[in-house]
>>> print(open('start_7.tsv').read())   # TSV, C-alpha atoms
chain	number	residue	atom	x	y	z
A	24	MET	CA	-1.42	-53.28	0.32
A	25	ARG	CA	1.63	-52.72	-1.85
A	26	ILE	CA	4.51	-54.00	0.26
A	27	VAL	CA	8.24	-53.84	-0.42
A	28	ILE	CA	10.08	-56.48	1.60
A	29	LYS	CA	13.87	-56.43	1.80
A	30	VAL	CA	15.83	-59.39	3.09
A	31	GLY	CA	19.50	-59.19	4.02
A	32	SER	CA	22.34	-61.64	3.56
A	33	SER	CA	22.42	-62.50	7.26
A	34	THR	CA	18.78	-63.61	7.07
A	35	LEU	CA	19.18	-65.57	3.83
A	36	SER	CA	22.35	-67.46	4.60
A	37	TYR	CA	24.34	-69.26	7.23
A	38	PRO	CA	27.73	-67.85	8.30
A	39	THR	CA	29.23	-70.32	5.81
A	40	GLY	CA	27.61	-68.37	2.98
A	41	ARG	CA	25.35	-71.27	2.06
A	42	MET	CA	21.65	-70.50	1.79
A	43	ASN	CA	19.49	-71.10	4.86
A	44	LEU	CA	16.93	-73.17	2.97
A	45	ARG	CA	14.52	-73.66	5.86
A	46	ARG	CA	14.25	-69.92	6.45
A	47	VAL	CA	14.06	-69.02	2.76
A	48	GLU	CA	11.35	-71.63	2.16
A	49	ALA	CA	9.34	-70.27	5.10
A	50	LEU	CA	9.73	-66.69	3.85
A	51	VAL	CA	8.61	-67.55	0.30
A	52	ARG	CA	5.58	-69.41	1.67
A	53	VAL	CA	4.50	-66.38	3.73
A	54	LEU	CA	5.09	-63.93	0.86
A	55	SER	CA	3.11	-66.18	-1.48
A	56	ASP	CA	0.27	-66.37	1.03
A	57	LEU	CA	0.23	-62.60	1.50
A	58	LYS	CA	0.05	-62.26	-2.27
A	59	ASN	CA	-2.80	-64.78	-2.37
A	60	ALA	CA	-4.66	-62.51	0.06
A	61	GLY	CA	-4.53	-59.69	-2.49
A	62	ASN	CA	-1.39	-57.83	-1.48
A	63	GLU	CA	1.19	-56.72	-4.05
A	64	ILE	CA	4.64	-57.98	-3.10
A	65	ILE	CA	7.97	-56.55	-4.21
A	66	PHE	CA	10.96	-58.51	-2.96
A	67	VAL	CA	14.34	-56.77	-2.61
A	68	SER	CA	16.88	-59.50	-2.01
A	69	SER	CA	20.49	-59.19	-0.96
A	70	GLY	CA	22.70	-62.24	-0.96
A	71	ALA	CA	24.25	-62.53	-4.43
A	72	ILE	CA	27.81	-62.11	-3.17
A	73	ALA	CA	27.16	-64.22	-0.08
A	74	MET	CA	25.64	-67.01	-2.19
A	75	GLY	CA	28.59	-66.84	-4.55
A	76	VAL	CA	31.00	-67.17	-1.64
A	77	GLY	CA	29.23	-70.35	-0.55
A	78	LYS	CA	28.77	-71.75	-4.05
A	79	LEU	CA	32.44	-71.23	-4.91
A	80	GLY	CA	33.61	-72.62	-1.57
A	81	LEU	CA	35.53	-69.45	-0.69
A	82	SER	CA	36.76	-69.10	2.88
A	83	LYS	CA	35.59	-65.49	3.13
A	84	ARG	CA	33.92	-62.66	1.24
A	85	PRO	CA	36.29	-61.22	-1.40
A	86	GLU	CA	37.69	-57.79	-0.61
A	87	ASP	CA	38.59	-56.72	-4.14
A	88	ILE	CA	35.98	-55.41	-6.60
A	89	PRO	CA	36.56	-58.06	-9.34
A	90	GLY	CA	36.32	-60.79	-6.71
A	91	LYS	CA	33.03	-59.41	-5.40
A	92	GLN	CA	31.68	-59.10	-8.94
A	93	ALA	CA	32.67	-62.68	-9.75
A	94	ALA	CA	31.02	-63.98	-6.57
A	95	ALA	CA	27.89	-61.94	-7.37
A	96	ALA	CA	27.71	-63.32	-10.91
A	97	VAL	CA	27.69	-66.88	-9.55
A	98	GLY	CA	25.50	-66.13	-6.55
A	99	GLN	CA	22.78	-64.24	-8.44
A	100	CYS	CA	22.12	-67.37	-10.52
A	101	GLU	CA	21.80	-69.40	-7.33
A	102	LEU	CA	19.42	-66.85	-5.79
A	103	MET	CA	17.07	-66.59	-8.75
A	104	TYR	CA	17.06	-70.34	-9.39
A	105	THR	CA	15.98	-70.86	-5.78
A	106	TYR	CA	13.33	-68.11	-5.81
A	107	ASP	CA	11.91	-69.26	-9.15
A	108	LYS	CA	11.64	-72.84	-7.89
A	109	LEU	CA	10.11	-71.95	-4.51
A	110	PHE	CA	7.62	-69.32	-5.73
A	111	SER	CA	6.57	-71.65	-8.56
A	112	GLU	CA	5.51	-74.21	-5.98
A	113	TYR	CA	2.86	-71.68	-4.89
A	114	SER	CA	1.92	-70.78	-8.49
A	115	HIS	CA	3.63	-67.40	-8.51
A	116	THR	CA	5.98	-66.06	-11.18
A	117	VAL	CA	9.10	-64.10	-10.29
A	118	ALA	CA	10.79	-61.40	-12.37
A	119	GLN	CA	14.40	-60.34	-11.91
A	120	LEU	CA	15.39	-56.65	-11.93
A	121	LEU	CA	19.07	-55.77	-11.45
A	122	LEU	CA	19.72	-52.07	-10.98
A	123	THR	CA	22.66	-49.69	-10.93
A	124	ALA	CA	22.83	-46.14	-9.61
A	125	ALA	CA	22.28	-44.79	-13.13
A	126	ASP	CA	18.90	-46.51	-13.28
A	127	ILE	CA	17.84	-44.44	-10.28
A	128	GLU	CA	19.66	-41.18	-10.95
A	129	ASP	CA	18.82	-40.78	-14.65
A	130	GLU	CA	15.27	-39.46	-14.90
A	131	ARG	CA	14.34	-41.35	-18.07
A	132	ARG	CA	15.79	-44.67	-16.89
A	133	HIS	CA	14.15	-44.23	-13.49
A	134	GLU	CA	10.79	-43.68	-15.19
A	135	ASN	CA	11.32	-46.79	-17.33
A	136	PHE	CA	12.16	-48.81	-14.21
A	137	LYS	CA	9.04	-47.54	-12.42
A	138	ASN	CA	6.81	-48.33	-15.41
A	139	THR	CA	8.23	-51.84	-15.65
A	140	MET	CA	7.67	-52.43	-11.94
A	141	LEU	CA	4.09	-51.25	-12.10
A	142	ARG	CA	3.36	-53.41	-15.13
A	143	LEU	CA	4.87	-56.47	-13.42
A	144	LEU	CA	2.58	-55.88	-10.44
A	145	GLU	CA	-0.36	-55.40	-12.79
A	146	ILE	CA	0.20	-58.79	-14.44
A	147	GLY	CA	0.66	-60.54	-11.10
A	148	ALA	CA	4.41	-61.18	-11.05
A	149	VAL	CA	6.65	-60.90	-7.99
A	150	PRO	CA	9.50	-58.51	-8.83
A	151	VAL	CA	12.79	-59.60	-7.25
A	152	VAL	CA	15.13	-56.61	-7.11
A	153	ASN	CA	18.85	-56.46	-6.40
A	154	GLU	CA	21.71	-54.16	-7.27
A	155	ASN	CA	23.66	-55.31	-10.30
A	156	ASP	CA	26.78	-56.16	-8.30
A	157	THR	CA	28.45	-57.73	-11.33
A	158	VAL	CA	28.90	-54.31	-12.96
A	159	ALA	CA	28.94	-52.00	-9.93
A	160	THR	CA	32.38	-50.50	-9.31
A	161	GLU	CA	31.73	-49.47	-5.72
A	162	GLU	CA	30.40	-51.54	-2.82
A	163	ILE	CA	26.82	-51.19	-3.94
A	164	VAL	CA	26.89	-47.88	-5.76
A	165	ILE	CA	23.33	-47.12	-4.73
A	166	GLY	CA	24.60	-47.41	-1.16
A	167	ASP	CA	23.25	-50.79	-0.02
A	168	ASN	CA	20.07	-52.79	-0.40
A	169	ASP	CA	18.37	-51.02	2.52
A	170	THR	CA	18.68	-47.81	0.52
A	171	LEU	CA	17.70	-49.58	-2.68
A	172	ALA	CA	14.55	-50.95	-1.03
A	173	ALA	CA	13.61	-47.47	0.19
A	174	VAL	CA	14.13	-46.00	-3.28
A	175	VAL	CA	11.98	-48.76	-4.77
A	176	ALA	CA	9.25	-48.19	-2.17
A	177	ALA	CA	9.24	-44.46	-2.87
A	178	SER	CA	9.25	-45.00	-6.65
A	179	VAL	CA	6.21	-47.28	-6.73
A	180	GLY	CA	4.20	-45.55	-4.01
A	181	ALA	CA	4.33	-48.48	-1.61
A	182	ASP	CA	2.10	-48.63	1.44
A	183	LEU	CA	4.79	-50.25	3.55
A	184	LEU	CA	8.52	-51.02	3.47
A	185	VAL	CA	9.74	-53.94	5.59
A	186	LEU	CA	13.43	-54.55	6.29
A	187	LEU	CA	14.02	-58.10	7.51
A	188	SER	CA	17.14	-58.12	9.64
A	189	ASP	CA	18.99	-60.29	12.16
A	190	ILE	CA	17.72	-58.19	15.08
A	191	ASP	CA	14.20	-57.38	16.27
A	192	GLY	CA	14.34	-53.66	15.50
A	193	LEU	CA	15.91	-50.45	16.78
A	194	TYR	CA	17.00	-50.52	20.40
A	195	THR	CA	17.95	-47.84	22.89
A	196	ALA	CA	21.42	-49.44	22.91
A	197	ASP	CA	23.17	-52.39	21.28
A	198	PRO	CA	21.24	-55.42	22.61
A	199	ARG	CA	24.23	-57.67	21.92
A	200	ARG	CA	26.24	-55.75	24.48
A	201	ASP	CA	23.74	-54.08	26.80
A	202	PRO	CA	21.18	-56.32	28.55
A	203	GLN	CA	19.24	-53.19	29.54
A	204	ALA	CA	18.61	-52.21	25.92
A	205	ARG	CA	14.92	-51.71	25.09
A	206	LEU	CA	13.17	-52.17	21.77
A	207	ILE	CA	11.72	-48.94	20.37
A	208	GLU	CA	8.34	-49.89	18.88
A	209	LEU	CA	7.51	-46.59	17.18
A	210	VAL	CA	9.68	-43.79	15.82
A	211	PRO	CA	7.37	-40.91	14.88
A	212	GLU	CA	10.29	-38.74	13.76
A	213	LEU	CA	13.96	-39.27	12.92
A	214	THR	CA	15.59	-36.98	15.47
A	215	PRO	CA	19.37	-36.57	15.94
A	216	GLU	CA	19.04	-38.73	19.06
A	217	ILE	CA	17.51	-41.57	17.02
A	218	MET	CA	20.19	-41.25	14.33
A	219	ASP	CA	22.88	-41.50	17.02
A	220	LEU	CA	21.61	-44.98	17.91
A	221	ALA	CA	22.95	-46.38	14.62
A	222	GLY	CA	25.75	-48.90	14.95
A	223	SER	CA	28.12	-50.51	12.47
A	224	ALA	CA	27.51	-53.36	10.02
A	225	GLY	CA	26.60	-56.60	11.72
A	226	SER	CA	27.23	-59.62	9.49
A	227	SER	CA	30.53	-60.33	7.74
A	228	LEU	CA	28.51	-61.47	4.71
A	229	GLY	CA	26.44	-58.30	4.44
A	230	THR	CA	27.04	-54.59	3.88
A	231	GLY	CA	24.27	-53.08	5.96
A	232	GLY	CA	23.77	-52.11	9.57
A	233	MET	CA	21.45	-49.88	11.56
A	234	LYS	CA	22.99	-46.78	9.97
A	235	THR	CA	21.86	-47.85	6.50
A	236	LYS	CA	18.42	-48.77	7.83
A	237	LEU	CA	17.91	-45.34	9.36
A	238	HIS	CA	19.01	-43.79	6.06
A	239	ALA	CA	16.37	-45.96	4.35
A	240	ALA	CA	13.81	-44.74	6.89
A	241	GLN	CA	14.64	-41.16	5.89
A	242	ILE	CA	14.06	-41.88	2.19
A	243	ALA	CA	10.86	-43.83	2.81
A	244	GLY	CA	9.57	-41.32	5.34
A	245	GLU	CA	10.03	-38.37	2.99
A	246	ALA	CA	7.93	-40.28	0.42
A	247	GLY	CA	5.20	-40.87	3.00
A	248	VAL	CA	5.96	-44.61	3.31
A	249	ASP	CA	5.97	-46.30	6.72
A	250	MET	CA	8.99	-48.54	7.31
A	251	VAL	CA	9.37	-51.44	9.71
A	252	ILE	CA	12.54	-53.18	10.87
A	253	MET	CA	11.83	-56.70	12.10
A	254	ASN	CA	13.63	-59.98	12.64
A	255	GLY	CA	13.74	-62.12	9.50
A	256	ALA	CA	14.21	-65.30	11.52
A	257	ALA	CA	10.43	-65.49	12.06
A	258	PRO	CA	8.76	-64.81	8.66
A	259	ASP	CA	5.32	-65.75	10.05
A	260	ARG	CA	5.34	-62.47	11.99
A	261	LEU	CA	4.74	-60.72	8.67
A	262	TYR	CA	1.12	-61.84	9.09
A	263	ASP	CA	0.92	-59.93	12.39
A	264	LEU	CA	2.44	-56.87	10.74
A	265	VAL	CA	0.05	-56.83	7.80
A	266	GLU	CA	-2.89	-57.37	10.14
A	267	GLY	CA	-1.95	-54.22	12.07
A	268	ARG	CA	-0.22	-55.65	15.13
A	269	SER	CA	3.00	-54.15	16.47
A	270	VAL	CA	6.10	-55.95	15.22
A	271	GLY	CA	9.67	-54.71	15.43
A	272	THR	CA	10.22	-50.97	15.04
A	273	ARG	CA	7.91	-48.86	12.87
A	274	PHE	CA	9.11	-45.56	11.43
A	275	ALA	CA	6.18	-43.32	10.55
A	276	GLY	CA	6.19	-41.82	7.06
A	277	ARG	CA	5.48	-38.13	6.62
A	278	LYS	CA	1.86	-37.93	5.56
A	279	LYS	CA	1.24	-35.34	2.88
>>> encode(input="start_7.tsv", output="structure tokens")
Amino acid sequence: MRIVIKVGSSTLSYPTGRMNLRRVEALVRVLSDLKNAGNEIIFVSSGAIAMGVGKLGLSKRPEDIPGKQAAAAVGQCELMYTYDKLFSEYSHTVAQLLLTAADIEDERRHENFKNTMLRLLEIGAVPVVNENDTVATEEIVIGDNDTLAAVVAASVGADLLVLLSDIDGLYTADPRRDPQARLIELVPELTPEIMDLAGSAGSSLGTGGMKTKLHAAQIAGEAGVDMVIMNGAAPDRLYDLVEGRSVGTRFAGRKK
């Protein structure tokens, strides 16, 4: 399988902004093992700004654009150093791709990006994709890394897109507030009722929320790619997912 896996800031880091090393190490081990089994892995990683906040010892995420860009410049180094070190322990090579909206919107640049991605997969590397926050002039120009992951999945013809989050999936109501909320295991179609279930951003260190994830499901679904939202706190459950068991919430892609 060709799998795009996106991990959010809330999964990667503690509320302090410092990296959650135990969780990241477990995630890299599982991704490496899935790759060993013959799967192609593309890793879309948030966390540059959050890592920069922790590395610089800032009390909170910057609110101004230059401050966010500065934190991202520091944090991206921290992210890639960690990924390179951890994946290397399992004999896998990572490749960094930092994108802006122009790389997606411009047809020629998009084609170049897609060709590079496919060649990286061909030679056995693990592409690590993030938005180039150090030059973006809007809060992730592409929209957010949920959207970015969906665009990547559609571009490379992925079999599956997985969004690792801090909740188990899409619920009938906000499970943090409503004890009666039920997990929705399968969404065959994105109806207005499903879209209305979207809430606001969850973590103070991230930019996403259920709204961005449902938008990602739209992009992936239109490209015929199934998408799953699952809890990133238990990376081992990726094995269950790849082996066909129900995990989190699956959004069915439109089969052509």
>>> closest_residue(input="start_7.tsv", among="A:Gln99, A:Ser188, A:Asn62, A:Ser82", to="A:Val265", atoms="all atoms listed in the file")
A:Asn62
>>> closest_residue(input="start_7.tsv", among="A:Ala196, A:Ala93, A:Ala148, A:Ala256", to="A:Ser33", atoms="all atoms listed in the file")
A:Ala256
>>> closest_residue(input="start_7.tsv", among="A:Ala94, A:Val47, A:Val152, A:Met253", to="A:Ser269", atoms="only C-alpha atoms")
A:Met253
>>> closest_residue(input="start_7.tsv", among="A:Arg268, A:Lys137, A:Arg273, A:His238", to="A:Ile252", atoms="only C-alpha atoms")
A:Arg273
>>> residues_around(input="start_7.tsv", residues="A:Ala173", least_positions_apart="5", cutoff="12 Å", atoms="all atoms listed in the file", output="JSON, numbers by chain")
{"A": [26, 27, 28, 29, 65, 66, 67, 127, 152, 165, 166, 167, 168, 178, 179, 180, 181, 182, 183, 184, 185, 186, 235, 236, 237, 238, 239, 240, 241, 242, 243, 244, 245, 246, 247, 248, 249, 250, 251, 276]}
>>> atom_distance(input="start_7.tsv", atom1="atom CA of A:Met42", atom2="atom CA of A:Met74")
6.6 Å
>>> atom_distance(input="start_7.tsv", atom1="atom CA of A:Lys58", atom2="atom CA of A:Arg25")
9.7 Å
>>> closest_residue(input="start_7.tsv", among="A:Gly267, A:Pro211, A:Gly61, A:Gly98", to="A:Asn153", atoms="all atoms listed in the file")
A:Gly98
>>> atom_distance(input="start_7.tsv", atom1="atom CA of A:Met140", atom2="atom CA of A:Asp263")
26.3 Å
>>> residues_around(input="start_7.tsv", residues="A:Thr116", least_positions_apart="2", cutoff="7 Å", atoms="only C-alpha atoms", output="list in words")
Phe110, Ser111, Ser114, Ala118, Ala148 and Val149 of chain A
>>> residues_around(input="start_7.tsv", residues="A:Asn138", least_positions_apart="5", cutoff="12 Å", atoms="all atoms listed in the file", output="list of chain:residue names")
A:Arg131, A:Arg132, A:His133, A:Leu143, A:Leu144, A:Glu145, A:Val175, A:Ser178, A:Val179
>>> closest_residue(input="start_7.tsv", among="A:Asp56, A:Asp107, A:Asp169, A:Glu208", to="A:Tyr194", atoms="all atoms listed in the file")
A:Glu208
>>> decode(input="start_7.tsv", residues="stretch 31-60 of chain A", atoms="N, CA and C atoms", output="mmCIF file, in the first residue's frame")
data_model
loop_
_atom_site.group_PDB
_atom_site.id
_atom_site.type_symbol
_atom_site.label_atom_id
_atom_site.label_comp_id
_atom_site.auth_asym_id
_atom_site.auth_seq_id
_atom_site.Cartn_x
_atom_site.Cartn_y
_atom_site.Cartn_z
ATOM 1 N N GLY A 31 -0.151 15.486 13.768
ATOM 2 C CA GLY A 31 -0.347 16.866 14.200
ATOM 3 C C GLY A 31 0.527 17.248 15.373
ATOM 4 N N SER A 32 0.589 18.541 15.620
ATOM 5 C CA SER A 32 1.420 19.065 16.707
ATOM 6 C C SER A 32 1.017 18.500 18.061
ATOM 7 N N SER A 33 -0.298 18.315 18.271
ATOM 8 C CA SER A 33 -0.751 17.829 19.571
ATOM 9 C C SER A 33 -0.312 16.394 19.821
ATOM 10 N N THR A 34 -0.083 15.636 18.745
ATOM 11 C CA THR A 34 0.400 14.262 18.882
ATOM 12 C C THR A 34 1.908 14.232 19.091
ATOM 13 N N LEU A 35 2.619 15.144 18.427
ATOM 14 C CA LEU A 35 4.080 15.157 18.474
ATOM 15 C C LEU A 35 4.651 15.727 19.762
ATOM 16 N N SER A 36 3.924 16.645 20.381
ATOM 17 C CA SER A 36 4.532 17.420 21.461
ATOM 18 C C SER A 36 3.679 17.446 22.713
ATOM 19 N N TYR A 37 4.335 17.788 23.802
ATOM 20 C CA TYR A 37 3.641 18.043 25.052
ATOM 21 C C TYR A 37 3.064 19.466 25.009
ATOM 22 N N PRO A 38 2.160 19.820 25.928
ATOM 23 C CA PRO A 38 1.651 21.190 25.962
ATOM 24 C C PRO A 38 2.754 22.244 26.122
ATOM 25 N N THR A 39 3.912 21.834 26.634
ATOM 26 C CA THR A 39 5.042 22.758 26.774
ATOM 27 C C THR A 39 5.658 23.134 25.431
ATOM 28 N N GLY A 40 5.324 22.349 24.379
ATOM 29 C CA GLY A 40 5.953 22.559 23.085
ATOM 30 C C GLY A 40 7.114 21.618 22.848
ATOM 31 N N ARG A 41 7.637 21.024 23.900
ATOM 32 C CA ARG A 41 8.733 20.077 23.743
ATOM 33 C C ARG A 41 8.230 18.771 23.137
ATOM 34 N N MET A 42 9.090 18.130 22.358
ATOM 35 C CA MET A 42 8.699 16.910 21.661
ATOM 36 C C MET A 42 8.416 15.772 22.637
ATOM 37 N N ASN A 43 7.340 15.048 22.360
ATOM 38 C CA ASN A 43 6.988 13.855 23.121
ATOM 39 C C ASN A 43 7.806 12.696 22.555
ATOM 40 N N LEU A 44 9.003 12.518 23.081
ATOM 41 C CA LEU A 44 9.958 11.573 22.495
ATOM 42 C C LEU A 44 9.469 10.133 22.526
ATOM 43 N N ARG A 45 8.814 9.751 23.601
ATOM 44 C CA ARG A 45 8.326 8.364 23.684
ATOM 45 C C ARG A 45 7.328 8.071 22.569
ATOM 46 N N ARG A 46 6.422 9.011 22.327
ATOM 47 C CA ARG A 46 5.414 8.802 21.292
ATOM 48 C C ARG A 46 6.026 8.854 19.894
ATOM 49 N N VAL A 47 6.924 9.812 19.674
ATOM 50 C CA VAL A 47 7.554 9.941 18.360
ATOM 51 C C VAL A 47 8.404 8.716 18.052
ATOM 52 N N GLU A 48 9.136 8.222 19.044
ATOM 53 C CA GLU A 48 9.951 7.019 18.838
ATOM 54 C C GLU A 48 9.073 5.819 18.492
ATOM 55 N N ALA A 49 7.929 5.693 19.172
ATOM 56 C CA ALA A 49 7.010 4.583 18.892
ATOM 57 C C ALA A 49 6.432 4.706 17.485
ATOM 58 N N LEU A 50 6.087 5.927 17.083
ATOM 59 C CA LEU A 50 5.519 6.145 15.753
ATOM 60 C C LEU A 50 6.534 5.812 14.664
ATOM 61 N N VAL A 51 7.769 6.266 14.821
ATOM 62 C CA VAL A 51 8.800 5.985 13.814
ATOM 63 C C VAL A 51 9.064 4.489 13.721
ATOM 64 N N ARG A 52 9.053 3.800 14.844
ATOM 65 C CA ARG A 52 9.255 2.340 14.829
ATOM 66 C C ARG A 52 8.157 1.655 14.025
ATOM 67 N N VAL A 53 6.901 2.038 14.241
ATOM 68 C CA VAL A 53 5.789 1.423 13.513
ATOM 69 C C VAL A 53 5.870 1.752 12.022
ATOM 70 N N LEU A 54 6.142 3.011 11.692
ATOM 71 C CA LEU A 54 6.235 3.393 10.278
ATOM 72 C C LEU A 54 7.368 2.645 9.593
ATOM 73 N N SER A 55 8.481 2.490 10.294
ATOM 74 C CA SER A 55 9.610 1.752 9.731
ATOM 75 C C SER A 55 9.243 0.296 9.499
ATOM 76 N N ASP A 56 8.501 -0.279 10.436
ATOM 77 C CA ASP A 56 8.096 -1.679 10.307
ATOM 78 C C ASP A 56 7.098 -1.862 9.167
ATOM 79 N N LEU A 57 6.172 -0.921 9.027
ATOM 80 C CA LEU A 57 5.228 -0.980 7.915
ATOM 81 C C LEU A 57 5.957 -0.867 6.584
ATOM 82 N N LYS A 58 6.993 -0.054 6.555
ATOM 83 C CA LYS A 58 7.808 0.063 5.343
ATOM 84 C C LYS A 58 8.567 -1.241 5.087
ATOM 85 N N ASN A 59 9.087 -1.838 6.147
ATOM 86 C CA ASN A 59 9.777 -3.121 5.999
ATOM 87 C C ASN A 59 8.864 -4.181 5.389
ATOM 88 N N ALA A 60 7.568 -4.067 5.666
ATOM 89 C CA ALA A 60 6.597 -5.048 5.165
ATOM 90 C C ALA A 60 6.245 -4.812 3.699
#
